[in-house]
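> Got a structure for you, written out below as structure tokens; questions coming shortly.
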Amino acid sequence: AIFGTPGLVTMFEMYDVLHEKMQTCRKPIFPILPSINTAGAEVDAFLAKGHVNFADEVTLGTALSRIVNAPRPANNEIELFGVDVPRIRRIIDSIAEDGYIAPHLVQALLHSAGIPVVEEFVSDKKEEVLAFARRTGFPVVAKVVGPVHKSDVGGVVLNIKSEQHLALEFDRMMQIPEARSVMAQPMLKGTELFIGAKYEEKFGHVVLCGLGGIFVEVLKDVSSGLAPLSYEETYSMIRSLRAYKIIKGTRGQKGLNEDKFAEIIVRLSTLLRFATEIKEMDINPLLATDKQVVAVDARIRVEKKRE
């Protein structure tokens with residue numbers, strides 16, 4: 001309804017009729033009232049009844065086009081299938097100190113959320129680490145436990161193919177400042193993916209995802225969403241990545257298991273929903289193939305409110 005005024009007399013009755021029809025008409029009515037200079041009092045009275053006023057047809061058209069093209073609201077139900085919420089709470093409640101938590105607690109939280117994790121073993125005894133490697137088979141990966149940024153201090157070695165090499169790396173890593181122990185894992189192959197999260201006051205957890213390695217550090221190719229995430233939101237995040245063609249598969253290369261990647265992101269967002277004490281975490285990398293996606297390394301920082 002486009003309505004002006006001659007500016008010579010007041011037109012309250014016309015605005016009252018418009019108000020009445022907007023209340024009773026089965027079709028939506030959008031008012032365009034351009035004469036705010038000559039009918040300021042009438043427009044003010046009209047707006048006071050809870051209406052809006054579009055200054056011109058272009059503004060209304062722009063608003064309508066944005067609404068028509070907006071995605072449907074996401075399902076607000078939290079995905080709980082396969083997530084052990086009581087166990088998550090027991091683990092979080094058992095943590096006494098703020099900061100980055102021990103690897104076995106990280107693994108326990110990921111397992112509780114149903115997130116697949118590569119088998120690993122942590123010890124400060126060389127013989128125990130060697131025995132684990134013999135059982136799982138070479139090659140293995142060795143990582144120092146203690147320093148937050150392991151790679152920066154030479155605390156990550158890939159593709160270790162013999163007991164002698166593993167023994168040498170164990171001795172070297174235990175000499176790194178703040179080193180407490182060494183972690184060993186089977187050496188897996190796949191494309192690196194990344195999931196991260198950070199707690200923002202008044203918003204909750206912002207969840208990030210993308211390809212790992214250079215795509216995160218150099219190209220900053222990440223998507224974000226607020227936890228808890230639905231599958232619809234998660235697929236939208238993944239498909240908005242500039243590197244999505246790699247996930248989908250391109251130039252004869254097999255794609256990655258997008259469904260598993262989405263499932264892990266949703267499970268992680270559910271974990272965060274029930275563990276708001278987690279202020280920062282990342283799983284980097286997840287190794288992905290066309291068949292599976294497995295978390296290889298993760299860190300979690302917890303901060304509790306105390307009286």
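Each chain in the structure tokens gets a letter, A, B and so on, in the order shown; residues start at 1 in every chain, and ligands are counted from 1 in the order they appear.
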Hey, what's within 12 Å of Ala142 in chain A if we count only C-alpha atoms and toss same-chain stuff fewer than 6 positions away? As a ChimeraX atom specification, please?
/A:120-123,126,129-130,132-133,150-151,154-163,165-174,181-187,296-297
> Please run DSSP on the backbone and report, as JSON, numbers by chain, all residues within range 72-230 of chain A that come out as alpha helix (DSSP H).
{"A": [85, 86, 87, 88, 89, 90, 91, 92, 93, 94, 103, 104, 105, 106, 107, 108, 109, 110, 111, 112, 126, 127, 128, 129, 130, 131, 132, 133, 134, 135, 136, 163, 164, 165, 166, 167, 168, 169, 170, 171, 172, 173, 214, 215, 216, 217]}
> When you count only C-alpha atoms, which of these residues is closest to Glu79 in chain A: A:Arg273, A:Arg26, A:Arg180, A:Arg299?
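Smallest distance to Glu79 in chain A is found for A:Arg273.
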> Tell me, as a tab-separated table (two decimals) with C-alpha atoms, in the first residue's frame, which residues lie within 10 Å of Ile88 in chain A, counting only C-alpha atoms; anything in the same chain fewer than 4 positions away does not count.

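Below is the file that was written, result.tsv:
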chain	number	residue	atom	x	y	z
A	83	VAL	CA	27.10	-38.80	22.78
A	84	ASP	CA	27.61	-39.86	26.42
A	92	ILE	CA	34.96	-32.16	33.14
A	93	ASP	CA	34.03	-32.16	36.83
A	108	ALA	CA	38.30	-39.62	26.92
A	109	LEU	CA	36.23	-36.55	25.99
A	110	LEU	CA	36.46	-37.28	22.26
A	111	HIS	CA	35.52	-40.93	22.83
A	112	SER	CA	32.56	-39.79	24.96
A	113	ALA	CA	31.34	-37.66	22.05
A	271	LEU	CA	30.24	-31.93	23.37
A	272	LEU	CA	30.83	-28.18	23.70
A	274	PHE	CA	27.45	-29.71	27.59
A	275	ALA	CA	30.97	-28.62	28.55
> Need to verify the contact set: Lys189 in chain A, 10 Å, only C-alpha atoms, exclusion of same-chain residues closer than 3 positions in sequence. Can you return it as a compact mmCIF listing (two decimals) with C-alpha atoms, in the first residue's frame?

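Generated output (part.txt):
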# COMPACT_ATOMS: atom_id res chain seq x y z
CA PRO A 186 50.45 -45.41 14.29
CA GLU A 192 44.48 -33.21 6.73
CA LEU A 287 43.16 -37.49 8.63
CA ALA A 288 40.51 -38.15 6.02
CA THR A 289 40.10 -40.64 3.20
> List every residue of range 70-300 of chain A that DSSP, applied to the backbone of this structure, assigns to strand (DSSP E or B), and report them as a VMD selection string.
chain A and resid 99 to 100 117 121 to 123 140 to 145 156 to 160 181 to 186 191 to 200 204 to 211 222 to 226 278 to 288 293 to 295 298 to 300
> What does the structure give for the distance between CA of Ile115 in chain A and CA of Val153 in chain A, in Å to one decimal?
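These two atoms are separated by 28.3 Å.
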> Have a look at CA of Ala63 in chain A and CA of Leu33 in chain A and let me know their distance in Å, one decimal.
15.7 Å
> Pick out the residues sitting within 10 Å of Pro34 in chain A, and hand them over as a PyMOL selection string; count only C-alpha atoms, and ignore anything fewer than 6 positions along from it in its own chain.
chain A and resi 2-5+43+53-57
> Which is closer to Phe30 in chain A than all the others in A:Ala48, A:Ala1, A:Val58, A:Ala197, using only C-alpha atoms?
A:Ala1
